[in-house]
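Visitor: Below is a structure I'd like to ask you about.
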Amino acid sequence: MVILEADKIVKIYGETSGESVTKALSGISLSVKQGEFVAIMGPSGSGKTTLLNILSGIDKPTSGVMTIAGHAINKMKRDELALFRRKQIGFVFQEFNLLDSLTVKENIILPMVLEKKSAAEMEEKVQTLAGLFEIEPILQKYPYNISGGQQQRTAVSRALVNNPGIIFADEPTGNLDSKSSTAIMECFEKIVQELKTTVLLVTHDVFAASYCQKVIFIKDGHIHSYIVKKGSRKEFLNQIIDNLAVLGGRTYDI
Ligand SMILES: Nc1ncnc2c1ncn2[C@@H]1O[C@H](COP(=O)(O)OP(=O)(O)OP(=O)(O)O)[C@@H](O)[C@H]1O
């Protein structure tokens, strides 16, 4: 089943402001199936963040249709979209974006509080996710007292509490050392395999991308190519490096 569909997405910045005009995306079409694990890579300025923002409904395209779970999100009104995103979409950011005044547990349940879920349901969900991501011992701690890797696993748990169909992640390993990066990519693998959640991430990190099943390469606002994992992760990693060499642009984290 297709969960996300982008049809001829164009994004032009600066059209209304009268400043210099930038065509960031020039007609991108792609579809992602339920339970797929996809990375988007490309040189700096190629349009990755713009694309992720449009795919997730953070930003609207200049033209084109953006559909998630059968709903055209580019046509939704502001409030309708906010509600839809809270129920259907989870986000993970490079900067973790946890609230320092709340414990790990409180951070995780916050989206459930907004959804007015029962205390019993919240407790059960926290315990399940904490078990899955091995963060039970730190549930009562505050974000500033735990490691970057633990903070990101907390952020992944928070993204999952309302059972979204899809998780978007923008450079999720960007602030992590290699050990924590491995742990977080293994978390995403678990989400995809055990919960059948779709994960779509933007990354410069070749190692992180090698955990995905598919990598889409963007250049100058359009899809340049894509590759699908067939063999081992190591083979896929080498294939990604080869494709990035063809793509050119900035150096990648290898
Ligand atoms: N708010 C904005 N206003 C005007 N131009 C923008 C805006 N955001 C991005 N751009 C331009 O759109 C193009 C694509 O930017 P985008 O941030 O999507 O690229 P990226 O591939 O994510 O880059 P990076 O890897 O450096 O984060 C660039 O030319 C950028 O300068």
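We label chains A, B, ... in the order they appear in the structure tokens, count residues from 1 in each chain, and number ligands from 1 in the order shown.
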Could you give me, as an NGL selection string, every polymer residue with an atom at most 10 Å away from an atom of ligand 1, counting only C-alpha atoms and all ligand atoms?

Guide: :A and (11-15 or 17 or 19-25 or 40-54 or 59 or 170-171 or 202-204 or 218-221 or 249-250 or 252)

Visitor: Could you find all residues in segment 89-202 of chain A that DSSP calls strand (DSSP E or B) from the backbone, and write them as number ranges by chain?

Guide: A: 89-93, 166-170, 198-202

Visitor: Based on the selection just made, write C-alpha atoms of those residues as an mmCIF file, in the first residue's frame.

Guide:
```cif
data_model
loop_
_atom_site.group_PDB
_atom_site.id
_atom_site.type_symbol
_atom_site.label_atom_id
_atom_site.label_comp_id
_atom_site.auth_asym_id
_atom_site.auth_seq_id
_atom_site.Cartn_x
_atom_site.Cartn_y
_atom_site.Cartn_z
ATOM 1 C CA ILE A 89 3.154 11.813 11.249
ATOM 2 C CA GLY A 90 6.099 11.575 13.642
ATOM 3 C CA PHE A 91 9.182 13.801 13.491
ATOM 4 C CA VAL A 92 12.765 13.278 14.561
ATOM 5 C CA PHE A 93 15.222 16.183 14.305
ATOM 6 C CA ILE A 166 5.132 7.569 8.836
ATOM 7 C CA ILE A 167 8.193 9.035 10.576
ATOM 8 C CA PHE A 168 10.216 11.842 8.985
ATOM 9 C CA ALA A 169 13.752 12.414 10.205
ATOM 10 C CA ASP A 170 16.033 15.314 9.253
ATOM 11 C CA THR A 198 7.370 3.918 7.260
ATOM 12 C CA VAL A 199 10.602 5.860 7.874
ATOM 13 C CA LEU A 200 11.858 8.564 5.542
ATOM 14 C CA LEU A 201 15.034 10.435 6.386
ATOM 15 C CA VAL A 202 17.344 13.059 4.944
#
```

Visitor: If we count only C-alpha atoms, what is near Leu176 of chain A at a cut-off of 8 Å, once residues fewer than 3 positions away on the same chain are taken out, given as a list in words?

Guide: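 Selected residues are Gly148, Gly149, Thr173, Lys179, Ser180 and Ser181 of chain A.
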
Visitor: Next, write the just-selected residues to a file, as a PDB file, in the first residue's frame, keeping N, CA and C atoms as the atom set.

Guide:
```
ATOM      1  N   GLY A 148      23.573  12.059  24.238  1.00  0.00           N
ATOM      2  CA  GLY A 148      22.945  12.424  22.973  1.00  0.00           C
ATOM      3  C   GLY A 148      22.179  11.256  22.372  1.00  0.00           C
ATOM      4  N   GLY A 149      22.778  10.072  22.453  1.00  0.00           N
ATOM      5  CA  GLY A 149      22.125   8.878  21.903  1.00  0.00           C
ATOM      6  C   GLY A 149      20.832   8.569  22.645  1.00  0.00           C
ATOM      7  N   THR A 173      21.210  11.514  12.691  1.00  0.00           N
ATOM      8  CA  THR A 173      22.493  11.122  13.307  1.00  0.00           C
ATOM      9  C   THR A 173      23.498  12.281  13.291  1.00  0.00           C
ATOM     10  N   LYS A 179      28.822   5.298  17.628  1.00  0.00           N
ATOM     11  CA  LYS A 179      28.135   4.260  18.401  1.00  0.00           C
ATOM     12  C   LYS A 179      26.641   4.604  18.558  1.00  0.00           C
ATOM     13  N   SER A 180      26.374   5.867  18.887  1.00  0.00           N
ATOM     14  CA  SER A 180      24.981   6.293  19.044  1.00  0.00           C
ATOM     15  C   SER A 180      24.242   6.312  17.712  1.00  0.00           C
ATOM     16  N   SER A 181      24.988   6.624  16.630  1.00  0.00           N
ATOM     17  CA  SER A 181      24.366   6.598  15.295  1.00  0.00           C
ATOM     18  C   SER A 181      23.907   5.187  14.962  1.00  0.00           C
TER      19      SER A 181
END
```

Visitor: Find the residues around segment 142-144 of chain A up to 7 Å (only C-alpha atoms counted), leave out those fewer than 5 positions away in its own chain, and share them as a list of chain:residue names.

Guide: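 The residues satisfying every condition are A:Leu98, A:Asp100, A:Leu102, A:Thr103, A:Val104, A:Gln151.
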
Visitor: Report as an MDAnalysis selection string: the residues of segment 74-127 of chain A with a DSSP assignment of alpha helix (DSSP H), based on the backbone of this structure.

Guide: chainID A and resid 78:88 104:114 119:127
